[in-house]
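So the structure is just underneath, and the comments pick up after that.
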Amino acid sequence: MKRVVILGGGTGGTIVANQMVRQLRQDIDAGAVEITVVSNTEQHVYQPSFLYVAFDLTAPSDAKRPERQVLDRRIRLVQGEADRVDPREHAVVMSDGVQLPYDFLVIATGSRPAPEEIEGLAEGGHHFYTEEGALKLREALQSFTGGRVVLVVGVPHKCPVAPLEFTLMLHDWLAARGLGPSSQIVYTYPIGRPHSLEGVSDWVKPVFEARGIDSHIFFNPELVDPVAGTVTSLEGETLSYDLLVAVPPHVGQEVIARSGLGDSGNWVPTDRHSLLMQGTDDVYVLGDATNLPISKAGSTAHFQADVVAGNIVQRLRGGHGSLRYDGKVFCFIETSLRKATYITFDYQRPPQPVVSGSLLHLYKLAFNHMYWLSAAGIL
Amino acid sequence: MDTAKIVDARGSYCPGPLMELIKGIRREAIGTTLEIWSSDRGSAKDIPEWAARAGHELVSSTEEDGIYKIQVRKAR
């Protein structure tokens, strides 16, 4: 029997597993192939919903389902904490000592927000990158009566358009509650323009100006003083705030560190085209877990899953697995509470800005539900 | 001479080469040199500009066949 172990039951791992099953049903039913997903949580969470949770537009329960229900019934689900990956023994070792041997391993462990990386941020700031964080921010926004809202951005972070989306949605939200005149939104960004993508920057500058949003560039948050209500950048600028919202820095998972597989941020060195972990030919890596210089986003994991699942299936059938990832990313961008746009790009082609509109916003809302078809390996 | 740590950000539009440098340099010891590889011409301008603002040292900046290689030493 050939064994495929997928470490991580998030977007990337779940899509890989379900896509493989769709092509290997007969082999699995015949006992020739076994696909195992290891997940340390019972629930599969559609993380983009947290942005909407913060604005009280949806509830956390709307965006999670049991991982067992999301996975095809032919997939074995092991719920528990992996202690480490042992590439030499070709096995995942669980925290209870159980070993899961593999012929192919997929590392899809994702990333986690790490507000503790910035001194004072966990105490003084809010974020919308976990259910708990989004709910706390929701309550802070509900009790907000006007003042200065500062948005800071840690590096690296998941969903590169989230800083803009939160800022533009916040502007709408404050205006709708009559708090616009008594509030000021201050947007900060780590590099020398308001977004990594030049086209998005060019688009958002006049939007910020028209909406009275203050923008500070070259601002990498280094120190938050919750008592004084200030945030200071490593470039030496200090801003005062009444409400601080962060897109927190992210780190790779501890299991990567315990396995000795990652760099200093626990990101796994990965070949940018084959998605094989560097130095191996039976370990694939996808999604946030890689060290690749591309967006940490669900669409990235989805496009990479197509390559990883296709190559493993082909290799199980005696082929070579020749699919190559081209760096493709697709992101919707909510530009207000009623309009949206999108960008798409890859290693070779920069994104072209698209005019925002209400139809794209409706499509984004629809995708929030259609996501489950993607996770099922159908869409 | 110390070897520079390579940060291969070729083809990175988002988060982009400068963000990759910031990500890498934050976790390195003072004195470490990072060499960022970029296919974006803008990197030759914005990486030195950020390094100066952040108090790091620009070691070198070269271009060959459309690939920009910029070395920055962590100074603080």
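Here's how to read the names in the structure tokens: chain A, B, ... by the order shown, residue numbers from 1 in each chain, ligand numbers from 1 in the order shown.
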What residues in chain A have any atom no more than 6 Å from chain B when counting only C-alpha atoms, and can you write them as a PyMOL selection string? chain A and resi 155-156+196+235+293-295+347
Using only C-alpha atoms, which protein or nucleic acid residues come within 8 Å of region 127-132 of chain A? Drop anything in the same chain fewer than 5 positions from it, and give the result as a PDB file with N, CA, C and O atoms, in the first residue's frame.
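part.pdb, written as the output of this step:
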ATOM      1  N   GLN A  47     -11.208  31.296   7.056  1.00  0.00           N
ATOM      2  CA  GLN A  47     -10.637  32.416   7.800  1.00  0.00           C
ATOM      3  C   GLN A  47     -11.009  33.811   7.281  1.00  0.00           C
ATOM      4  O   GLN A  47     -11.081  34.751   8.082  1.00  0.00           O
ATOM      5  N   PHE A  50     -13.415  36.223   9.246  1.00  0.00           N
ATOM      6  CA  PHE A  50     -13.113  37.002  10.452  1.00  0.00           C
ATOM      7  C   PHE A  50     -13.223  38.507  10.204  1.00  0.00           C
ATOM      8  O   PHE A  50     -13.599  39.267  11.097  1.00  0.00           O
ATOM      9  N   LEU A  51     -12.872  38.936   8.998  1.00  0.00           N
ATOM     10  CA  LEU A  51     -12.996  40.364   8.667  1.00  0.00           C
ATOM     11  C   LEU A  51     -14.448  40.817   8.818  1.00  0.00           C
ATOM     12  O   LEU A  51     -14.734  41.894   9.345  1.00  0.00           O
ATOM     13  N   ALA A  54     -15.681  40.957  12.509  1.00  0.00           N
ATOM     14  CA  ALA A  54     -15.293  42.182  13.220  1.00  0.00           C
ATOM     15  C   ALA A  54     -16.309  43.295  13.008  1.00  0.00           C
ATOM     16  O   ALA A  54     -16.566  44.103  13.906  1.00  0.00           O
ATOM     17  N   PRO A  60     -19.183  33.758  13.726  1.00  0.00           N
ATOM     18  CA  PRO A  60     -18.152  32.732  13.516  1.00  0.00           C
ATOM     19  C   PRO A  60     -18.727  31.382  13.089  1.00  0.00           C
ATOM     20  O   PRO A  60     -18.126  30.674  12.279  1.00  0.00           O
ATOM     21  N   PRO A 113      -0.898  33.917  13.480  1.00  0.00           N
ATOM     22  CA  PRO A 113      -0.616  35.306  13.837  1.00  0.00           C
ATOM     23  C   PRO A 113       0.206  35.354  15.109  1.00  0.00           C
ATOM     24  O   PRO A 113      -0.025  34.565  16.026  1.00  0.00           O
ATOM     25  N   LEU A 137     -12.444  42.545  18.662  1.00  0.00           N
ATOM     26  CA  LEU A 137     -12.473  43.768  17.852  1.00  0.00           C
ATOM     27  C   LEU A 137     -13.914  44.197  17.593  1.00  0.00           C
ATOM     28  O   LEU A 137     -14.225  45.396  17.582  1.00  0.00           O
ATOM     29  N   VAL A 245      -5.578  48.857  15.592  1.00  0.00           N
ATOM     30  CA  VAL A 245      -5.902  47.586  14.927  1.00  0.00           C
ATOM     31  C   VAL A 245      -4.677  47.158  14.133  1.00  0.00           C
ATOM     32  O   VAL A 245      -4.086  47.966  13.409  1.00  0.00           O
ATOM     33  N   ALA A 246      -4.299  45.904  14.293  1.00  0.00           N
ATOM     34  CA  ALA A 246      -3.089  45.421  13.628  1.00  0.00           C
ATOM     35  C   ALA A 246      -3.404  44.277  12.678  1.00  0.00           C
ATOM     36  O   ALA A 246      -4.270  43.446  12.942  1.00  0.00           O
ATOM     37  N   VAL A 247      -2.692  44.275  11.577  1.00  0.00           N
ATOM     38  CA  VAL A 247      -2.529  43.050  10.807  1.00  0.00           C
ATOM     39  C   VAL A 247      -1.246  42.470  11.359  1.00  0.00           C
ATOM     40  O   VAL A 247      -0.156  42.980  11.077  1.00  0.00           O
ATOM     41  N   PRO A 248      -1.347  41.468  12.237  1.00  0.00           N
ATOM     42  CA  PRO A 248      -0.159  41.057  12.997  1.00  0.00           C
ATOM     43  C   PRO A 248       0.859  40.322  12.139  1.00  0.00           C
ATOM     44  O   PRO A 248       0.503  39.722  11.116  1.00  0.00           O
TER      45      PRO A 248
END
Within 8 Å of Val92 (chain A) using only C-alpha atoms, minus same-chain residues under 2 positions, as a PDB file with C-alpha atoms, in the first residue's frame:
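Printed below is out_21.pdb as written:
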ATOM      1  CA  ALA A  82       2.034  16.220  15.420  1.00  0.00           C
ATOM      2  CA  ASP A  83       5.250  16.346  17.384  1.00  0.00           C
ATOM      3  CA  ARG A  84       7.581  16.266  14.411  1.00  0.00           C
ATOM      4  CA  VAL A  85       8.277  15.226  10.872  1.00  0.00           C
ATOM      5  CA  ASP A  86      11.119  12.768  10.424  1.00  0.00           C
ATOM      6  CA  HIS A  90       9.671   8.943   6.214  1.00  0.00           C
ATOM      7  CA  MET A  94       2.467  12.321  16.758  1.00  0.00           C
ATOM      8  CA  GLN A  99       4.142   7.077  13.938  1.00  0.00           C
ATOM      9  CA  LEU A 100       2.463   7.725  10.606  1.00  0.00           C
ATOM     10  CA  PRO A 101       4.744   6.398   7.851  1.00  0.00           C
ATOM     11  CA  TYR A 102       4.462   7.962   4.423  1.00  0.00           C
TER      12      TYR A 102
END
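Ranking A:Ala305, A:Leu135, A:Leu121, A:Ala289 by their shortest atom-to-atom distance to Leu244 (chain A), with only C-alpha atoms included, puts A:Leu121 first.
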Taking the chain letters and numbering used in this document, name the residues of chain B that DSSP puts in alpha helix (DSSP H), as a list in words.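 Taking chain B and keeping alpha helix (DSSP H) gives Pro17, Leu18, Met19, Glu20, Leu21, Ile22, Lys23, Gly24, Ile25, Ser43, Ala44, Lys45, Asp46, Ile47, Pro48, Glu49, Trp50, Ala51, Ala52, Arg53 and Ala54 of chain B.
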Would you mind exporting the chosen residues as a short mmCIF file (atom, residue, chain, number, x, y, z; two decimals), in the first residue's frame, restricted to all heavy atoms?
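Wrote selection_8.cif, looks like this:
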data_model
loop_
_atom_site.label_atom_id
_atom_site.label_comp_id
_atom_site.auth_asym_id
_atom_site.auth_seq_id
_atom_site.Cartn_x
_atom_site.Cartn_y
_atom_site.Cartn_z
N PRO B 17 9.84 42.31 -2.99
CA PRO B 17 11.20 42.14 -2.48
C PRO B 17 11.50 42.89 -1.18
O PRO B 17 12.15 42.34 -0.29
CB PRO B 17 12.07 42.64 -3.63
CG PRO B 17 11.23 42.41 -4.85
CD PRO B 17 9.82 42.70 -4.41
N LEU B 18 11.05 44.13 -1.06
CA LEU B 18 11.36 44.88 0.15
C LEU B 18 10.70 44.23 1.37
O LEU B 18 11.32 44.09 2.43
CB LEU B 18 10.93 46.35 0.02
CG LEU B 18 11.09 47.20 1.29
CD1 LEU B 18 12.48 47.10 1.88
CD2 LEU B 18 10.73 48.66 1.01
N MET B 19 9.47 43.80 1.22
CA MET B 19 8.78 43.14 2.33
C MET B 19 9.50 41.85 2.69
O MET B 19 9.58 41.48 3.87
CB MET B 19 7.33 42.86 1.94
CG MET B 19 6.38 42.85 3.10
SD MET B 19 5.80 44.47 3.56
CE MET B 19 4.26 44.54 2.66
N GLU B 20 10.01 41.13 1.69
CA GLU B 20 10.76 39.91 1.97
C GLU B 20 12.05 40.22 2.74
O GLU B 20 12.46 39.47 3.62
CB GLU B 20 11.11 39.20 0.65
CG GLU B 20 9.92 38.50 0.00
CD GLU B 20 9.37 37.36 0.87
OE1 GLU B 20 10.14 36.46 1.22
OE2 GLU B 20 8.17 37.40 1.18
N LEU B 21 12.67 41.35 2.41
CA LEU B 21 13.87 41.76 3.14
C LEU B 21 13.53 42.09 4.59
O LEU B 21 14.22 41.67 5.52
CB LEU B 21 14.51 42.97 2.45
CG LEU B 21 15.68 43.61 3.22
CD1 LEU B 21 16.85 42.64 3.34
CD2 LEU B 21 16.13 44.90 2.56
N ILE B 22 12.45 42.84 4.78
CA ILE B 22 12.04 43.21 6.14
C ILE B 22 11.73 41.96 6.95
O ILE B 22 12.15 41.82 8.10
CB ILE B 22 10.82 44.16 6.11
CG1 ILE B 22 11.19 45.49 5.45
CG2 ILE B 22 10.28 44.41 7.52
CD1 ILE B 22 9.99 46.39 5.13
N LYS B 23 11.02 41.02 6.32
CA LYS B 23 10.70 39.75 6.98
C LYS B 23 11.96 39.03 7.43
O LYS B 23 12.05 38.53 8.54
CB LYS B 23 9.91 38.89 5.98
CG LYS B 23 9.76 37.42 6.34
CD LYS B 23 9.12 36.67 5.16
CE LYS B 23 9.47 35.21 5.14
NZ LYS B 23 9.03 34.54 3.89
N GLY B 24 12.96 39.01 6.54
CA GLY B 24 14.18 38.26 6.84
C GLY B 24 15.06 38.95 7.86
O GLY B 24 15.56 38.32 8.80
N ILE B 25 15.20 40.26 7.72
CA ILE B 25 16.20 40.97 8.53
C ILE B 25 15.79 41.08 9.99
O ILE B 25 16.63 41.13 10.89
CB ILE B 25 16.46 42.37 7.90
CG1 ILE B 25 17.88 42.85 8.25
CG2 ILE B 25 15.42 43.39 8.35
CD1 ILE B 25 18.34 44.03 7.41
N SER B 43 13.23 47.92 -6.92
CA SER B 43 13.96 47.50 -5.71
C SER B 43 15.28 48.26 -5.55
O SER B 43 15.73 48.50 -4.43
CB SER B 43 14.26 46.00 -5.77
OG SER B 43 13.07 45.25 -5.74
N ALA B 44 15.90 48.61 -6.67
CA ALA B 44 17.18 49.32 -6.61
C ALA B 44 17.02 50.68 -5.95
O ALA B 44 18.00 51.26 -5.46
CB ALA B 44 17.76 49.48 -8.01
N LYS B 45 15.81 51.17 -5.90
CA LYS B 45 15.55 52.46 -5.26
C LYS B 45 14.93 52.28 -3.87
O LYS B 45 15.39 52.86 -2.89
CB LYS B 45 14.61 53.28 -6.15
CG LYS B 45 14.20 54.62 -5.58
CD LYS B 45 13.38 55.39 -6.62
CE LYS B 45 12.77 56.63 -6.02
NZ LYS B 45 11.68 56.33 -5.08
N ASP B 46 13.89 51.43 -3.79
CA ASP B 46 13.16 51.43 -2.52
C ASP B 46 13.87 50.64 -1.41
O ASP B 46 13.69 50.95 -0.24
CB ASP B 46 11.69 50.99 -2.70
CG ASP B 46 11.52 49.55 -3.18
OD1 ASP B 46 12.49 48.79 -3.13
OD2 ASP B 46 10.40 49.20 -3.59
N ILE B 47 14.69 49.65 -1.78
CA ILE B 47 15.42 48.93 -0.72
C ILE B 47 16.47 49.83 -0.06
O ILE B 47 16.52 49.93 1.18
CB ILE B 47 16.01 47.61 -1.25
CG1 ILE B 47 14.85 46.62 -1.49
CG2 ILE B 47 17.05 47.04 -0.29
CD1 ILE B 47 15.26 45.29 -2.06
N PRO B 48 17.31 50.54 -0.83
CA PRO B 48 18.26 51.46 -0.18
C PRO B 48 17.55 52.55 0.63
O PRO B 48 18.02 52.93 1.71
CB PRO B 48 19.03 52.07 -1.36
CG PRO B 48 18.97 51.02 -2.42
CD PRO B 48 17.60 50.42 -2.28
N GLU B 49 16.41 53.02 0.12
CA GLU B 49 15.68 54.08 0.84
C GLU B 49 15.19 53.56 2.20
O GLU B 49 15.33 54.22 3.22
CB GLU B 49 14.49 54.56 -0.01
CG GLU B 49 13.79 55.76 0.59
CD GLU B 49 12.66 56.27 -0.28
OE1 GLU B 49 12.46 55.76 -1.40
OE2 GLU B 49 11.95 57.19 0.19
N TRP B 50 14.65 52.32 2.20
CA TRP B 50 14.17 51.78 3.48
C TRP B 50 15.35 51.49 4.41
O TRP B 50 15.28 51.77 5.62
CB TRP B 50 13.37 50.49 3.27
CG TRP B 50 12.97 49.90 4.60
CD1 TRP B 50 11.96 50.34 5.42
CD2 TRP B 50 13.63 48.84 5.30
NE1 TRP B 50 11.94 49.60 6.58
CE2 TRP B 50 12.95 48.66 6.54
CE3 TRP B 50 14.70 48.00 5.01
CZ2 TRP B 50 13.32 47.70 7.48
CZ3 TRP B 50 15.07 47.04 5.95
CH2 TRP B 50 14.38 46.90 7.17
N ALA B 51 16.42 50.95 3.87
CA ALA B 51 17.59 50.63 4.70
C ALA B 51 18.08 51.89 5.42
O ALA B 51 18.41 51.85 6.61
CB ALA B 51 18.70 50.02 3.84
N ALA B 52 18.11 53.00 4.71
CA ALA B 52 18.56 54.26 5.32
C ALA B 52 17.60 54.69 6.42
O ALA B 52 18.03 55.10 7.51
CB ALA B 52 18.67 55.34 4.24
N ARG B 53 16.31 54.60 6.17
CA ARG B 53 15.32 55.01 7.18
C ARG B 53 15.36 54.11 8.40
O ARG B 53 15.13 54.56 9.53
CB ARG B 53 13.91 54.94 6.58
CG ARG B 53 13.58 56.08 5.65
CD ARG B 53 12.24 55.81 4.98
NE ARG B 53 11.87 56.89 4.08
CZ ARG B 53 10.94 57.79 4.36
NH1 ARG B 53 10.30 57.76 5.50
NH2 ARG B 53 10.65 58.74 3.49
N ALA B 54 15.63 52.81 8.18
CA ALA B 54 15.60 51.85 9.28
C ALA B 54 16.95 51.76 9.99
O ALA B 54 17.07 51.04 10.98
CB ALA B 54 15.19 50.47 8.76
#
Do you know which residues are at most 6 Å from Phe218 (chain A) counting only C-alpha atoms, after dropping those on the same chain fewer than 6 positions away, and could you put them as a JSON list (two decimals) with N, CA and C atoms, in the first residue's frame?
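Below you can see out-v9.json, which holds the result:
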[["chain", "number", "residue", "atom", "x", "y", "z"],
["A", 190, "PRO", "N", 4.33, 49.06, 5.74],
["A", 190, "PRO", "CA", 5.77, 48.87, 5.99],
["A", 190, "PRO", "C", 6.71, 49.44, 4.92],
["A", 191, "ILE", "N", 6.24, 49.55, 3.67],
["A", 191, "ILE", "CA", 7.17, 49.96, 2.60],
["A", 191, "ILE", "C", 6.79, 51.36, 2.09],
["A", 192, "GLY", "N", 7.42, 51.78, 1.02],
["A", 192, "GLY", "CA", 7.32, 53.17, 0.59],
["A", 192, "GLY", "C", 6.11, 53.55, -0.23]]
Pick from A:Leu71, A:Leu323, A:Val204, A:Ile312, whichever lies nearest to Val33 (chain A) using only C-alpha atoms: A:Ile312
Which residues in chain B does DSSP call strand (DSSP E)? List them as a short mmCIF file (atom, residue, chain, number, x, y, z; two decimals) with all heavy atoms, in the first residue's frame.
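That gives us selection.cif:
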data_model
loop_
_atom_site.label_atom_id
_atom_site.label_comp_id
_atom_site.auth_asym_id
_atom_site.auth_seq_id
_atom_site.Cartn_x
_atom_site.Cartn_y
_atom_site.Cartn_z
N LYS B 5 23.35 36.04 3.38
CA LYS B 5 22.20 35.15 3.28
C LYS B 5 21.33 35.60 2.12
O LYS B 5 20.95 36.78 2.05
CB LYS B 5 21.39 35.19 4.58
CG LYS B 5 22.10 34.51 5.74
CD LYS B 5 21.14 34.29 6.90
CE LYS B 5 21.84 33.45 7.97
NZ LYS B 5 20.97 33.18 9.12
N ILE B 6 21.04 34.67 1.24
CA ILE B 6 20.28 35.02 0.03
C ILE B 6 18.78 35.03 0.33
O ILE B 6 18.24 34.11 0.95
CB ILE B 6 20.55 34.00 -1.10
CG1 ILE B 6 22.05 33.86 -1.37
CG2 ILE B 6 19.79 34.40 -2.37
CD1 ILE B 6 22.73 35.11 -1.84
N VAL B 7 18.11 36.07 -0.12
CA VAL B 7 16.65 36.13 -0.08
C VAL B 7 16.18 36.22 -1.53
O VAL B 7 16.32 37.26 -2.18
CB VAL B 7 16.15 37.36 0.72
CG1 VAL B 7 14.62 37.40 0.72
CG2 VAL B 7 16.69 37.34 2.14
N ASP B 8 15.70 35.10 -2.05
CA ASP B 8 15.32 35.05 -3.47
C ASP B 8 13.89 35.55 -3.65
O ASP B 8 12.93 34.81 -3.42
CB ASP B 8 15.45 33.62 -3.98
CG ASP B 8 15.18 33.51 -5.48
OD1 ASP B 8 14.81 34.54 -6.09
OD2 ASP B 8 15.35 32.41 -6.04
N THR B 33 24.53 40.04 6.93
CA THR B 33 24.28 40.64 5.64
C THR B 33 23.28 39.78 4.85
O THR B 33 23.45 38.57 4.75
CB THR B 33 25.58 40.78 4.83
OG1 THR B 33 26.47 41.63 5.54
CG2 THR B 33 25.31 41.38 3.45
N LEU B 34 22.24 40.43 4.34
CA LEU B 34 21.28 39.74 3.49
C LEU B 34 21.43 40.26 2.06
O LEU B 34 21.63 41.45 1.85
CB LEU B 34 19.84 39.97 3.97
CG LEU B 34 19.42 39.13 5.17
CD1 LEU B 34 19.77 39.84 6.46
CD2 LEU B 34 17.95 38.82 5.12
N GLU B 35 21.35 39.34 1.11
CA GLU B 35 21.40 39.73 -0.30
C GLU B 35 20.05 39.41 -0.92
O GLU B 35 19.66 38.25 -1.04
CB GLU B 35 22.51 38.97 -1.03
CG GLU B 35 22.60 39.35 -2.51
CD GLU B 35 23.81 38.71 -3.19
OE1 GLU B 35 24.94 39.03 -2.78
OE2 GLU B 35 23.61 37.89 -4.11
N ILE B 36 19.33 40.47 -1.28
CA ILE B 36 17.99 40.28 -1.83
C ILE B 36 18.08 40.23 -3.36
O ILE B 36 18.75 41.05 -3.96
CB ILE B 36 17.04 41.41 -1.36
CG1 ILE B 36 15.60 41.14 -1.76
CG2 ILE B 36 17.45 42.77 -1.83
CD1 ILE B 36 14.81 40.52 -0.66
N TRP B 37 17.44 39.20 -3.94
CA TRP B 37 17.39 39.08 -5.40
C TRP B 37 16.01 39.52 -5.85
O TRP B 37 14.99 39.01 -5.35
CB TRP B 37 17.61 37.63 -5.84
CG TRP B 37 18.99 37.11 -5.57
CD1 TRP B 37 20.04 37.79 -5.01
CD2 TRP B 37 19.46 35.78 -5.87
NE1 TRP B 37 21.13 36.97 -4.92
CE2 TRP B 37 20.81 35.74 -5.44
CE3 TRP B 37 18.89 34.66 -6.43
CZ2 TRP B 37 21.59 34.59 -5.57
CZ3 TRP B 37 19.66 33.51 -6.56
CH2 TRP B 37 20.99 33.48 -6.14
N SER B 38 15.98 40.45 -6.79
CA SER B 38 14.71 41.00 -7.23
C SER B 38 14.68 41.14 -8.75
O SER B 38 15.68 41.52 -9.36
CB SER B 38 14.49 42.38 -6.59
OG SER B 38 13.38 43.03 -7.17
N GLU B 57 22.68 49.20 6.88
CA GLU B 57 23.75 49.65 5.97
C GLU B 57 23.60 49.00 4.59
O GLU B 57 23.52 47.77 4.48
CB GLU B 57 25.10 49.26 6.58
CG GLU B 57 26.29 49.67 5.74
CD GLU B 57 27.58 49.03 6.25
OE1 GLU B 57 27.58 48.49 7.37
OE2 GLU B 57 28.57 49.05 5.49
N LEU B 58 23.58 49.85 3.57
CA LEU B 58 23.58 49.32 2.20
C LEU B 58 25.00 48.93 1.85
O LEU B 58 25.91 49.76 1.85
CB LEU B 58 23.06 50.39 1.23
CG LEU B 58 23.03 49.97 -0.24
CD1 LEU B 58 21.95 48.93 -0.48
CD2 LEU B 58 22.82 51.18 -1.14
N VAL B 59 25.23 47.66 1.54
CA VAL B 59 26.58 47.17 1.25
C VAL B 59 26.87 47.30 -0.25
O VAL B 59 27.93 47.78 -0.65
CB VAL B 59 26.74 45.70 1.70
CG1 VAL B 59 28.12 45.16 1.34
CG2 VAL B 59 26.49 45.59 3.20
N SER B 60 25.93 46.84 -1.07
CA SER B 60 26.16 46.90 -2.52
C SER B 60 24.84 46.78 -3.26
O SER B 60 23.84 46.31 -2.69
CB SER B 60 27.10 45.78 -2.97
OG SER B 60 26.49 44.52 -2.72
N SER B 61 24.84 47.22 -4.52
CA SER B 61 23.65 47.10 -5.37
C SER B 61 24.12 46.90 -6.80
O SER B 61 24.80 47.75 -7.37
CB SER B 61 22.79 48.37 -5.24
OG SER B 61 21.66 48.26 -6.09
N THR B 62 23.79 45.73 -7.37
CA THR B 62 24.22 45.42 -8.73
C THR B 62 23.05 44.91 -9.55
O THR B 62 22.03 44.50 -8.99
CB THR B 62 25.33 44.34 -8.74
OG1 THR B 62 24.81 43.16 -8.13
CG2 THR B 62 26.56 44.81 -7.97
N GLU B 63 23.23 44.94 -10.87
CA GLU B 63 22.18 44.42 -11.76
C GLU B 63 22.83 43.61 -12.85
O GLU B 63 23.86 44.01 -13.42
CB GLU B 63 21.38 45.58 -12.36
CG GLU B 63 20.20 45.15 -13.22
CD GLU B 63 20.53 45.03 -14.71
OE1 GLU B 63 21.45 45.72 -15.18
OE2 GLU B 63 19.86 44.23 -15.38
N GLU B 64 22.27 42.42 -13.11
CA GLU B 64 22.79 41.60 -14.20
C GLU B 64 21.63 40.85 -14.83
O GLU B 64 20.89 40.15 -14.14
CB GLU B 64 23.82 40.60 -13.64
CG GLU B 64 24.64 39.93 -14.73
CD GLU B 64 25.73 39.03 -14.14
OE1 GLU B 64 26.26 39.35 -13.06
OE2 GLU B 64 26.02 38.00 -14.76
N ILE B 67 18.24 41.06 -13.18
CA ILE B 67 18.10 40.66 -11.77
C ILE B 67 18.93 41.61 -10.92
O ILE B 67 20.14 41.78 -11.13
CB ILE B 67 18.56 39.20 -11.54
CG1 ILE B 67 17.77 38.25 -12.43
CG2 ILE B 67 18.42 38.82 -10.07
CD1 ILE B 67 16.27 38.25 -12.21
N TYR B 68 18.28 42.23 -9.96
CA TYR B 68 18.94 43.18 -9.07
C TYR B 68 19.35 42.43 -7.80
O TYR B 68 18.54 41.71 -7.21
CB TYR B 68 17.99 44.33 -8.73
CG TYR B 68 17.60 45.12 -9.96
CD1 TYR B 68 16.59 44.65 -10.82
CD2 TYR B 68 18.28 46.28 -10.32
CE1 TYR B 68 16.26 45.34 -11.98
CE2 TYR B 68 17.95 46.98 -11.47
CZ TYR B 68 16.95 46.50 -12.30
OH TYR B 68 16.63 47.18 -13.45
N LYS B 69 20.61 42.60 -7.43
CA LYS B 69 21.11 41.96 -6.21
C LYS B 69 21.61 43.06 -5.27
O LYS B 69 22.57 43.77 -5.59
CB LYS B 69 22.23 40.96 -6.54
CG LYS B 69 21.72 39.79 -7.39
CD LYS B 69 22.78 38.74 -7.63
CE LYS B 69 22.19 37.56 -8.39
NZ LYS B 69 23.18 36.49 -8.67
N ILE B 70 20.92 43.17 -4.15
CA ILE B 70 21.18 44.28 -3.23
C ILE B 70 21.53 43.70 -1.86
O ILE B 70 20.76 42.93 -1.30
CB ILE B 70 19.94 45.19 -3.14
CG1 ILE B 70 19.59 45.71 -4.54
CG2 ILE B 70 20.18 46.35 -2.18
CD1 ILE B 70 18.15 46.01 -4.75
N GLN B 71 22.70 44.07 -1.37
CA GLN B 71 23.13 43.57 -0.05
C GLN B 71 22.90 44.63 1.02
O GLN B 71 23.26 45.80 0.85
CB GLN B 71 24.62 43.21 -0.09
CG GLN B 71 24.90 41.94 -0.89
CD GLN B 71 26.28 41.37 -0.59
OE1 GLN B 71 27.10 42.00 0.09
NE2 GLN B 71 26.54 40.18 -1.10
N VAL B 72 22.29 44.21 2.11
CA VAL B 72 22.03 45.10 3.25
C VAL B 72 22.55 44.43 4.51
O VAL B 72 22.26 43.25 4.75
CB VAL B 72 20.51 45.39 3.37
CG1 VAL B 72 20.23 46.22 4.62
CG2 VAL B 72 19.98 46.10 2.12
N ARG B 73 23.31 45.15 5.31
CA ARG B 73 23.80 44.62 6.58
C ARG B 73 22.96 45.15 7.72
O ARG B 73 22.71 46.36 7.83
CB ARG B 73 25.27 45.00 6.79
CG ARG B 73 25.86 44.38 8.08
CD ARG B 73 27.32 44.72 8.27
NE ARG B 73 28.15 44.10 7.26
CZ ARG B 73 29.02 44.76 6.49
NH1 ARG B 73 29.15 46.06 6.62
NH2 ARG B 73 29.73 44.12 5.59
#
Show me, as a list of chain:residue names, the residues that have an atom within 9 Å of Asp56 (chain A) when counting only C-alpha atoms, minus same-chain residues fewer than 4 positions from it.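 Near Asp56 (chain A), the qualifying residues are A:Tyr52, A:Leu135, A:Arg138, A:Gln142.
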For region 277-283 of chain A, find every residue with an atom within 8 Å (counting only C-alpha atoms), except residues of its own chain fewer than 2 positions away, and show them as a CSV table (one decimal) with N, CA, C and O atoms, in the first residue's frame.
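Result file follows (around.csv):
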chain,number,residue,atom,x,y,z
A,103,ASP,N,4.8,7.5,2.1
A,103,ASP,CA,5.5,7.4,0.8
A,103,ASP,C,5.6,8.8,0.3
A,103,ASP,O,6.6,9.2,-0.4
A,104,PHE,N,4.6,9.6,0.5
A,104,PHE,CA,4.6,11.1,0.1
A,104,PHE,C,4.0,11.8,1.3
A,104,PHE,O,3.0,11.4,1.9
A,105,LEU,N,4.7,12.9,1.7
A,105,LEU,CA,4.2,13.8,2.7
A,105,LEU,C,3.8,15.2,2.1
A,105,LEU,O,4.6,15.7,1.3
A,106,VAL,N,2.7,15.7,2.5
A,106,VAL,CA,2.4,17.1,2.2
A,106,VAL,C,2.4,17.9,3.4
A,106,VAL,O,1.6,17.6,4.4
A,107,ILE,N,3.2,18.9,3.5
A,107,ILE,CA,3.2,19.9,4.6
A,107,ILE,C,2.3,21.0,4.3
A,107,ILE,O,2.6,21.8,3.4
A,268,VAL,N,9.2,26.8,5.6
A,268,VAL,CA,9.9,25.6,5.0
A,268,VAL,C,10.5,26.0,3.6
A,268,VAL,O,9.8,26.4,2.7
A,269,PRO,N,11.8,25.8,3.5
A,269,PRO,CA,12.5,26.1,2.2
A,269,PRO,C,11.9,25.2,1.1
A,269,PRO,O,11.9,23.9,1.2
A,270,THR,N,11.3,25.8,0.1
A,270,THR,CA,10.5,25.1,-0.9
A,270,THR,C,10.9,25.5,-2.3
A,270,THR,O,11.1,26.7,-2.6
A,271,ASP,N,11.0,24.5,-3.2
A,271,ASP,CA,11.2,24.8,-4.6
A,271,ASP,C,10.0,25.6,-5.2
A,271,ASP,O,8.9,25.1,-5.1
A,275,LEU,N,7.3,22.7,-5.8
A,275,LEU,CA,6.7,22.7,-4.5
A,275,LEU,C,7.3,21.6,-3.6
A,275,LEU,O,6.6,21.3,-2.6
A,285,VAL,N,5.3,20.9,-0.1
A,285,VAL,CA,4.9,22.0,0.8
A,285,VAL,C,4.0,23.0,0.1
A,285,VAL,O,4.3,23.3,-1.1
